[in-house]
Amino acid sequence: MSVQLRARTIVLTLCSTLLATAVAALPARAEDTARAAWEVKGPHGSPTAVVALDRTDGRPTLAVRREGRTVLEPSPLGLVTEQSDFSRGLTLAGRSERTITGHYTSPTGKSRDRVTRMTEARFRFRTADGARLDLVTRVARDGVAYRYVLPRNHGEVLREASAFTLPTGANALLGGYRADNELPFTRYDSAASAPAGAYMMQGLFRTDGGSGDGGGASGDYALIAESDVNGTYAGAHLTHTANSSTYGLSLWNDEPIVTTGALTTPWRAIVTGDLATVTESTFIDDLAPASRVRDTSWIKPGPALWTWLAGGKEAGQSLAAQEKYVDYAAERGWPYEVVDAGWYFKTDAWDVIDPEWQTDSWMPELVRYAAAKGVGIHVWLHYSLLTDPVEREKWLSTLSRWGVKGVKIDFMDSESQERMRWYDDVLESTARHHLMVNFHGSTIPKGIQRTWPQVMTMEGVGGEEKRNNTAVQLASLPFTRNVIGSMDFTPGAFHRPYRPNVASDAGELGLSVLYESGIQNLSGTPESYDARPEARRYLEQLPARWEETRLLTGDPGRSAALARRAADGRWFIGGTFTGAARTVDVPMRLGAGRWLVETLTDGPSGLVRETHVVRGGGTLAVPVVADGGFAALACRAREGRTTCEN
């Protein structure tokens, strides 16, 4: 190529780039004379985000559309700091756009292999005095998200103006907010009819004008959540004023956010699509930063025998009892046993052992005993043992030296900026010491499992140990809490008289699949499993992790049936249903061909196992008792095959 031709090519390229930038900075669409608006479109089939700016008062808003329908009405944006108000009086200084693609794998969650493709648009706003706020939006096939970036320090963040205005007629599934995120979910026929108050940052809305008639999986859904929350910020929750379709956003206790320089806030996310898209979504993880753990070979999910509901504090203080539980886990092929509260107290007093002195604890002996049987030990810790950096290092290094595989850390009960900094420190330390983590009394996942893949599960849910759960709660969790990350509900407590599906052993068994958890803590007693050999047989086959998840049928708060694929190609299925006993038709969205399906349902004398041959795309008729459910296992049908058991 000649010098002249090369120079001409460079000039043309620069001109094209400048023209594209100039076009990107212009409004893509004018909503009306009062507002300027810009559309952000994602890959084919994605929703559309519409960022707008009021021409009179400079207030920014964001709306979401899907296939011509409104998912989110124009909703307030912005934040207020000590020095600047970035919620009004703004002008657009520029706009740029790029495509983000990626691939990552996850040891936990609904799917192992994740592919991301998003359109990112950055809007550069300025106040009248020249202060700058960037609004970064991302649009993917299954969601829209935004966050704020302050290029320089403007003092403490006092509040966010962020809010979400639902279309008239949208209904809602909401859980009241509390520090441990354990309150139950309630269905509301309209988003406006929910009582005034605070709600968890995992509210589900059916946004196509649904009237609360149980529209099932049809229509548009929006799950409002957040991602990438760390110690630079605090956790958020939704707030609602009676008779309003708008849900505001509040930070922990309305405490200011302390900043020392430039600031990037967490993502405010709207997971949206049909019910299957929302339920199967990994959008919250996709938004989070990539893994900070380089070597993940030591991170191994799998079922565990959890002994707290099986034996309580007494079991936690007894080596002999724990060895029996290890034996039982080994017989079942479960890779872990979890020792809960009580183990690190001295037997003659309520003094905590010094972790540096192995003679104060029988735990090293239990770890050695379990390792010889192929079982790893996880142990419970109160978070206060890990607040001081010196003590934290002492505890975690000692547990790692003993050979403990994971820690269950409890009672954080805060989403303050200070507590989020504590999470940052503990996650770095547990990764360094190769300790898997289960957080209880905690925040909810919020993308944490992508950035720190040693987080196997988190509570943030009113689980099996609660005495006030309902059938509605069981049918709400697959579409709310479990959408955003692994959930330690601890299913399998057949012996508990307080479970809402107490008349349905099949429904209880199905929860082990319906609810995803990197460490699935099974909470029954050995005696309760032995009394139910069909349940024990099924639980013995649970895989370490899931390769893929599909919603088969569901109506949030009323019914749910999910299928999860193991690495060997078998599909495990769990379902829960509220209401009267009946026969439900479950679509087999497993793929083309013939499938052998073993169902476990409730019979007069216990669990009944039956075998069916069903074509992919067909339906399976399953009898369920009142407020009950079922479990199933599906494999490819072939000549002479009569069972899916390996």
# chains A, B, ... in the order shown; residues from 1 in each chain; ligands from 1

$ closest_atom_pairs --of "region 212-250 of chain A" --to "region 138-152 of chain A" --cutoff "10 Å" --atoms "only C-alpha atoms" --output "tab-separated table"
residue	atom	partner	partner_atom	distance
A:Ala222	CA	A:Gly143	CA	8.5
A:Leu223	CA	A:Gly143	CA	9.1
A:Ile224	CA	A:Ala145	CA	9.6
A:Ala225	CA	A:Ala145	CA	9.3
A:Glu226	CA	A:Ala145	CA	8.5
A:Ser227	CA	A:Ala145	CA	9.1

$ residues_around --residues "Thr105 (chain A)" --least-positions-apart "4" --cutoff "12 Å" --atoms "only C-alpha atoms" --output "ChimeraX atom specification"
/A:109-116,282,285-286,290-291,296,449-451,453,546-548

$ atom_distance --atom1 "CA of Arg117 (chain A)" --atom2 "CA of Asn230 (chain A)"
23.8 Å

$ closest_residue --among "A:Leu72, A:Ile353, A:Gly376, A:Arg126" --to "Ile270 (chain A)" --atoms "only C-alpha atoms"
A:Leu72

$ closest_residue --among "A:Thr553, A:Arg615, A:Tyr104, A:Arg35" --to "Asp585 (chain A)" --atoms "only C-alpha atoms"
A:Thr553

$ select_by_dssp --residues "region 127-169 of chain A" --states "strand (DSSP E or B)" --output "PyMOL selection string"
chain A and resi 132-140+143-150+157-160+163-165

$ closest_atom_pairs --of "region 470-522 of chain A" --to "region 627-631 of chain A" --cutoff "6 Å" --atoms "only C-alpha atoms" --output "JSON lines"
{"residue": "A:Ala471", "atom": "CA", "partner": "A:Asp627", "partner_atom": "CA", "distance": 5.9}
{"residue": "A:Asn501", "atom": "CA", "partner": "A:Gly628", "partner_atom": "CA", "distance": 5.6}
{"residue": "A:Ser504", "atom": "CA", "partner": "A:Gly628", "partner_atom": "CA", "distance": 5.0}
{"residue": "A:Ala506", "atom": "CA", "partner": "A:Phe630", "partner_atom": "CA", "distance": 4.5}
{"residue": "A:Gly507", "atom": "CA", "partner": "A:Gly629", "partner_atom": "CA", "distance": 3.6}
{"residue": "A:Gly510", "atom": "CA", "partner": "A:Ala631", "partner_atom": "CA", "distance": 4.3}

$ closest_atom_pairs --of "region 222-309 of chain A" --to "region 408-413 of chain A" --cutoff "12 Å" --atoms "only C-alpha atoms" --output "Markdown table"
| residue | atom | partner | partner_atom | distance |
| --- | --- | --- | --- | --- |
| A:Gly235 | CA | A:Asp413 | CA | 11.7 |
| A:Trp252 | CA | A:Asp413 | CA | 11.4 |
| A:Trp306 | CA | A:Lys408 | CA | 11.0 |

$ closest_residue --among "A:Ala475, A:Ala121, A:Cys644, A:Leu427" --to "Ile448 (chain A)" --atoms "only C-alpha atoms"
A:Leu427

$ residues_around --residues "Thr241 (chain A)" --least-positions-apart "4" --cutoff "8 Å" --atoms "only C-alpha atoms" --output "VMD selection string"
chain A and resid 195 to 197 246 to 247

$ write_last_selection --atoms "all heavy atoms" --output "CSV table (one decimal), in the first residue's frame"
chain,number,residue,atom,x,y,z
A,195,PRO,N,-48.4,-3.2,51.1
A,195,PRO,CA,-48.4,-2.2,52.2
A,195,PRO,C,-47.1,-1.3,52.1
A,195,PRO,O,-46.1,-1.7,51.6
A,195,PRO,CB,-48.4,-3.0,53.5
A,195,PRO,CG,-48.9,-4.4,53.1
A,195,PRO,CD,-48.5,-4.5,51.6
A,196,ALA,N,-47.2,-0.1,52.7
A,196,ALA,CA,-46.0,0.7,52.8
A,196,ALA,C,-45.0,0.0,53.6
A,196,ALA,O,-45.3,-0.7,54.6
A,196,ALA,CB,-46.3,2.1,53.4
A,197,GLY,N,-43.7,0.1,53.3
A,197,GLY,CA,-42.6,-0.5,54.1
A,197,GLY,C,-41.4,-0.9,53.2
A,197,GLY,O,-41.3,-0.4,52.1
A,246,THR,N,-44.5,2.7,42.4
A,246,THR,CA,-43.1,3.0,42.4
A,246,THR,C,-42.5,2.4,43.6
A,246,THR,O,-43.0,2.6,44.7
A,246,THR,CB,-42.8,4.5,42.3
A,246,THR,OG1,-43.3,5.0,41.1
A,246,THR,CG2,-41.3,4.8,42.4
A,247,TYR,N,-41.3,1.8,43.4
A,247,TYR,CA,-40.6,1.2,44.6
A,247,TYR,C,-39.2,1.9,44.6
A,247,TYR,O,-38.4,1.9,43.6
A,247,TYR,CB,-40.4,-0.3,44.4
A,247,TYR,CG,-41.6,-1.1,44.8
A,247,TYR,CD1,-42.7,-1.1,43.9
A,247,TYR,CD2,-41.8,-1.7,46.0
A,247,TYR,CE1,-43.9,-1.7,44.2
A,247,TYR,CE2,-42.9,-2.4,46.3
A,247,TYR,CZ,-44.0,-2.4,45.5
A,247,TYR,OH,-45.2,-3.0,45.8

$ select_by_dssp --residues "region 349-472 of chain A" --states "helix (DSSP H, G or I)" --output "ChimeraX atom specification"
/A:358-360,363-372,383-386,389-402,417-432,448-451,471-472

$ atom_distance --atom1 "CA of Ala161 (chain A)" --atom2 "CA of Asp425 (chain A)"
29.6 Å

$ atom_distance --atom1 "CA of Ser429 (chain A)" --atom2 "CA of Leu396 (chain A)"
7.6 Å
